[in-house]
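J.: Structure provided below as structure tokens; questions to follow.
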Amino acid sequence: MILVTGGAGYIGSHCVMALLEKGNEVLVYDNLSTGHQETINTLQKYGKLTFVQGDLLNEQYLNSIFKKYNIESVVHFAAFSQVAESVKNPKKYYVNNVVGTLNLLNAMIQHNVQKIVFSSTAATYGEPQYTPIDENHPQNPINPYGQTKLIIEKIMDDYDKAYGLKSVRLRYFNVAGADSQNRIGELHQPETHLIPNILKSTFSGGKTFEMYGNDYNTKDGTCIRDYINVEDLVDAHLLALEYLNNGGKTDYFNLGTNDGNTVKEVFNVCEKVTGKNIAVKQMPRREGDPASLIADNNKAKLELNWSPKKTLEYSIKTAYAWERKLSE
């Protein structure tokens, strides 16, 4: 049985779907603070899924789950992940992300579960000193969210040395898209991601899309980001589990496309996919937005045998199909 923390959330639910479709037995542990019961209800139609509503901060309850179920490995998504909120309320992030993960790792050690795939982030790198960013790039997070993920990576190194707990840390760039069959998708309240926010502004009662910053040193003045399809991203998690099951050592990998798109380019593809002219308002830069973030993904290609396959346009098409379904 594979334990997936945060399996009712956006990326976690897509990972659960992929695991179920490959015939795995999955236990989702989620406190539903940002995940959704209706997502779990959908996932339960596709395989052997056990859902436990619980919080990683509840050590006693977490341990009882490890006692009750035969957990062989863990995929850990559960975290708060809004950068701006982490700056306003760092305590919430350090307690939930770091203490929650410590409780999880301690329960794993206690019950002899030795393999974990961890949802990390490109935010651990901070301001890019060069792009594309490879795994050797210095890690200097510029916000508490990125700090919490980096702290966890360091804890995982120490837990490997001391207790033999093997981890793969996957550092995501910008995730986009929804399930190809339109069964699950992105359901954030509030929504902070670029693509769903552009798409949401095309529906009745939609708001004008706000574009932040047009004076960056890029081809059209807007920020460049590396957008990776959520199903491609999930494939890397399954390959990381396979890697650990085959005796792989603790390691970390960037997950991105080795390519970037400006905000204006993304906006134009959204207009093309929706066939609509989208109202836009130009805003000043947001604090802490680097001009360009692009992943060097060669390490994941070589060592996990992973490569992204889906285009930005494909991601936007699936995201739009999902937004249409939500608005019905």
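Just so we're on the same page: first chain in the structure tokens is A, next is B, and so on; residues restart at 1 for each chain, and ligands are numbered from 1 in the order they show up.
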If you count only C-alpha atoms, which residues fall within 12 Å of Glu303 in chain A, apart from same-chain ones fewer than 5 positions away, as number ranges by chain?
T.: A: 168, 236, 239-240, 242-244, 248-249, 251-254, 297-298
J.: Would you kindly return, as a PyMOL selection string, each protein, DNA or RNA residue with an atom no farther than 8 Å from any atom of range 159-164 of chain A, considering only C-alpha atoms and excluding same-chain residues fewer than 2 positions away?
T.: chain A and resi 109+114+155-157+166-167+250
J.: Using only C-alpha atoms, please write the residues we just selected to a file, as a PDB file, in the first residue's frame.
T.:
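Once written, selection_10.pdb looks like this:
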ATOM      1  CA  ILE A 109      11.059   5.307  11.001  1.00  0.00           C
ATOM      2  CA  GLN A 114      12.046   3.492   4.312  1.00  0.00           C
ATOM      3  CA  ILE A 155      16.160  16.930   7.359  1.00  0.00           C
ATOM      4  CA  MET A 156      15.754  14.135   4.788  1.00  0.00           C
ATOM      5  CA  ASP A 157      19.529  14.079   4.207  1.00  0.00           C
ATOM      6  CA  LYS A 166      15.613   6.983   1.352  1.00  0.00           C
ATOM      7  CA  SER A 167      14.012  10.034  -0.263  1.00  0.00           C
ATOM      8  CA  THR A 250      18.488   9.597  -1.771  1.00  0.00           C
TER       9      THR A 250
END
J.: Show which residues sit within 10 Å of range 25-34 of chain A, as a short mmCIF file (atom, residue, chain, number, x, y, z; two decimals) with N, CA and C atoms, in the first residue's frame. Count only C-alpha atoms, and ignore same-chain residues fewer than 6 positions away.
T.:
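Wrote out27.cif, looks like this:
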data_model
loop_
_atom_site.label_atom_id
_atom_site.label_comp_id
_atom_site.auth_asym_id
_atom_site.auth_seq_id
_atom_site.Cartn_x
_atom_site.Cartn_y
_atom_site.Cartn_z
N MET A 1 0.84 -1.20 0.00
CA MET A 1 0.00 0.00 0.00
C MET A 1 0.88 1.25 0.00
N ILE A 2 0.49 2.23 -0.83
CA ILE A 2 1.24 3.49 -0.91
C ILE A 2 0.45 4.58 -0.19
N LEU A 3 1.09 5.24 0.76
CA LEU A 3 0.46 6.36 1.46
C LEU A 3 0.71 7.64 0.67
N VAL A 4 -0.36 8.36 0.34
CA VAL A 4 -0.23 9.66 -0.34
C VAL A 4 -0.80 10.73 0.58
N THR A 5 0.07 11.58 1.12
CA THR A 5 -0.41 12.68 1.95
C THR A 5 -0.81 13.82 1.02
N GLY A 6 -1.91 14.49 1.33
CA GLY A 6 -2.38 15.58 0.46
C GLY A 6 -2.95 15.07 -0.85
N GLY A 7 -3.45 13.84 -0.83
CA GLY A 7 -3.97 13.22 -2.05
C GLY A 7 -5.31 13.74 -2.51
N ALA A 8 -5.92 14.65 -1.73
CA ALA A 8 -7.20 15.26 -2.16
C ALA A 8 -6.96 16.62 -2.83
N GLY A 9 -5.68 17.02 -2.92
CA GLY A 9 -5.34 18.30 -3.53
C GLY A 9 -5.08 18.17 -5.02
N TYR A 10 -4.61 19.24 -5.62
CA TYR A 10 -4.45 19.32 -7.08
C TYR A 10 -3.47 18.27 -7.61
N GLY A 12 -1.59 16.07 -5.87
CA GLY A 12 -1.75 14.79 -5.16
C GLY A 12 -2.82 13.91 -5.76
N SER A 13 -3.96 14.51 -6.13
CA SER A 13 -5.08 13.72 -6.68
C SER A 13 -4.72 13.14 -8.05
N VAL A 16 -2.58 10.16 -7.32
CA VAL A 16 -3.42 9.04 -6.85
C VAL A 16 -4.10 8.36 -8.04
N MET A 17 -4.65 9.16 -8.95
CA MET A 17 -5.31 8.61 -10.14
C MET A 17 -4.35 7.71 -10.92
N LEU A 19 -1.60 6.23 -9.85
CA LEU A 19 -1.26 5.04 -9.06
C LEU A 19 -2.38 4.00 -9.12
N ILE A 40 -11.93 13.06 -3.70
CA ILE A 40 -11.79 11.68 -3.17
C ILE A 40 -12.91 10.81 -3.70
N GLN A 44 -12.26 7.37 -5.87
CA GLN A 44 -12.65 6.04 -5.36
C GLN A 44 -13.31 5.16 -6.42
N GLY A 47 -10.29 2.59 -8.40
CA GLY A 47 -9.37 1.58 -7.87
C GLY A 47 -9.49 1.45 -6.36
N LYS A 48 -8.50 0.75 -5.79
CA LYS A 48 -8.50 0.46 -4.35
C LYS A 48 -7.95 1.66 -3.59
N LEU A 49 -8.87 2.50 -3.14
CA LEU A 49 -8.48 3.72 -2.44
C LEU A 49 -9.12 3.76 -1.06
N THR A 50 -8.28 3.94 -0.05
CA THR A 50 -8.75 4.17 1.31
C THR A 50 -8.49 5.63 1.64
N PHE A 51 -9.49 6.31 2.18
CA PHE A 51 -9.30 7.71 2.56
C PHE A 51 -9.40 7.87 4.06
N VAL A 52 -8.41 8.55 4.62
CA VAL A 52 -8.44 8.89 6.05
C VAL A 52 -8.30 10.39 6.18
N GLN A 53 -9.28 11.03 6.80
CA GLN A 53 -9.16 12.47 7.04
C GLN A 53 -8.35 12.66 8.31
N GLY A 54 -7.18 13.24 8.17
CA GLY A 54 -6.31 13.42 9.33
C GLY A 54 -5.26 14.46 9.06
N ASP A 55 -4.65 14.96 10.12
CA ASP A 55 -3.66 16.03 10.04
C ASP A 55 -2.29 15.48 10.43
N LEU A 56 -1.27 15.89 9.72
CA LEU A 56 0.09 15.44 10.04
C LEU A 56 0.56 15.98 11.39
N LEU A 57 -0.10 17.02 11.88
CA LEU A 57 0.28 17.56 13.19
C LEU A 57 -0.26 16.70 14.34
N LEU A 62 -1.60 9.83 13.42
CA LEU A 62 -0.75 9.44 12.30
C LEU A 62 -0.09 8.08 12.58
N ILE A 65 -2.37 5.16 12.10
CA ILE A 65 -2.58 4.81 10.68
C ILE A 65 -1.46 3.88 10.22
N TYR A 69 -2.38 0.03 8.87
CA TYR A 69 -2.24 -0.32 7.45
C TYR A 69 -0.82 -0.74 7.11
N ASN A 70 -0.71 -1.59 6.13
CA ASN A 70 0.61 -2.09 5.71
C ASN A 70 1.20 -1.14 4.65
N ILE A 71 1.77 -0.04 5.13
CA ILE A 71 2.30 1.00 4.23
C ILE A 71 3.73 0.63 3.83
N VAL A 74 5.80 6.12 0.74
CA VAL A 74 5.03 7.35 0.94
C VAL A 74 5.31 8.33 -0.20
N VAL A 75 4.25 8.98 -0.69
CA VAL A 75 4.41 10.14 -1.58
C VAL A 75 3.80 11.32 -0.83
N HIS A 76 4.63 12.32 -0.56
CA HIS A 76 4.26 13.38 0.38
C HIS A 76 4.02 14.72 -0.32
N PHE A 77 2.72 15.06 -0.48
CA PHE A 77 2.33 16.34 -1.09
C PHE A 77 1.83 17.34 -0.05
N ALA A 78 1.33 16.87 1.09
CA ALA A 78 0.61 17.74 2.03
C ALA A 78 1.48 18.91 2.48
N ALA A 79 1.03 20.12 2.15
CA ALA A 79 1.75 21.35 2.54
C ALA A 79 0.90 22.55 2.19
N PHE A 80 1.15 23.65 2.91
CA PHE A 80 0.64 24.93 2.46
C PHE A 80 1.64 25.48 1.43
N LEU A 187 -8.54 22.94 -8.09
CA LEU A 187 -9.68 23.47 -7.31
C LEU A 187 -9.14 24.27 -6.13
N HIS A 188 -8.52 25.40 -6.41
CA HIS A 188 -7.94 26.19 -5.32
C HIS A 188 -8.87 27.33 -4.91
N GLN A 189 -8.94 27.57 -3.60
CA GLN A 189 -9.69 28.71 -3.07
C GLN A 189 -8.79 29.49 -2.11
N PRO A 190 -8.28 30.66 -2.42
CA PRO A 190 -8.42 31.34 -3.71
C PRO A 190 -7.47 30.74 -4.73
#
J.: Could you make a table, as a Markdown table, of the residues of range 214-234 of chain A that have an atom within 6 Å of an atom of range 261-284 of chain A, each with its nearest atom pair and distance in Å to one decimal, counting only C-alpha atoms, in chain and number order?
T.:
| residue | atom | partner | partner_atom | distance |
| --- | --- | --- | --- | --- |
| A:Thr222 | CA | A:Val263 | CA | 5.6 |
| A:Cys223 | CA | A:Thr262 | CA | 5.3 |
| A:Ile224 | CA | A:Thr262 | CA | 4.1 |
| A:Arg225 | CA | A:Asn261 | CA | 5.6 |
J.: Go ahead and save the residues from that selection, with C-alpha atoms, as a PDB file, in the first residue's frame.
T.:
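Heads up, here's the output in again07.pdb:
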ATOM      1  CA  THR A 222       6.700  39.878 -18.995  1.00  0.00           C
ATOM      2  CA  CYS A 223       8.035  37.131 -16.729  1.00  0.00           C
ATOM      3  CA  ILE A 224       9.163  33.805 -18.201  1.00  0.00           C
ATOM      4  CA  ARG A 225       8.145  30.588 -16.449  1.00  0.00           C
TER       5      ARG A 225
END
J.: As a ChimeraX atom specification, please: all residues of range 138-310 of chain A that backbone DSSP puts in helix (DSSP H, G or I).
T.: /A:144-163,194-200,230-245,263-274,298-304
J.: How many Å separate CA of Phe118 in chain A from CA of Ala300 in chain A?
T.: 14.5 Å
J.: From the options A:Leu233, A:Leu150, A:Val113, A:Val99, which residue's atoms come nearest to Lys67 in chain A, counting only C-alpha atoms?
T.: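 Of all the options, A:Val113 lies closest to Lys67 in chain A.
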J.: Rounded to one decimal place, report the CA of His111 in chain A-CA of Asn97 in chain A distance in Å.
T.: 21.2 Å
J.: Among range 228-295 of chain A, which ones does DSSP place in strand (DSSP E or B), written as a PyMOL selection string?
T.: chain A and resi 228-229+251-255+261-262+280-283+292-293+295
J.: List the neighbours of Leu293 in chain A out to 8 Å using only C-alpha atoms; skip same-chain residues closer than 6 positions along the sequence, and give me the result as a ChimeraX atom specification.
T.: /A:128,131-133,173,224-226,260
J.: When distances are computed from only C-alpha atoms, which of A:Lys154, A:Arg183, A:His137, A:Lys310 shows the smallest separation from Asp296 in chain A?
T.: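 Among the listed residues, A:His137 lies closest to Asp296 in chain A.
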J.: Just give me the gap between CA of Gly256 in chain A and CA of Ser307 in chain A in Å, one decimal is fine.
T.: 9.0 Å
J.: Of the residues A:Ser119, A:Gln60, A:Asn112, A:Asn143, which is the one nearest to Lys88 in chain A, using only C-alpha atoms?
T.: A:Asn143
J.: Return the single residue from A:Ser81, A:Asp220, A:Leu238, A:Leu255 that is closest to Leu20 in chain A, with distances computed using only C-alpha atoms.
T.: A:Leu238
J.: For Glu127 in chain A, which of A:Ile11, A:Val95, A:Val234, A:Ile294 is the closest residue, counting only C-alpha atoms?
T.: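 Smallest distance to Glu127 in chain A is found for A:Ile294.
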J.: I want to know what sits within 12 Å of Val230 in chain A, based on only C-alpha atoms, with residues of the same chain fewer than 4 positions away left out; could you give that as a ChimeraX atom specification?
T.: /A:10-15,17-18,172-180,184-186,234-237,255-257,308-312,314-316,318-319
J.: Please provide as a list in words all residues within 9 Å of Asn58 in chain A, with the sequence filter that same-chain residues fewer than 5 positions apart are discarded (counting only C-alpha atoms).
T.: Asn63, Gly100 and Asn103 of chain A
J.: Set the distance at 8 Å and use only C-alpha atoms: which residues neighbour Val83 in chain A once local chain neighbours fewer than 4 positions away are removed? I'd like the list as a list of chain:residue names.
T.: A:Val87, A:Asn143, A:Pro144, A:Tyr145, A:Gly146
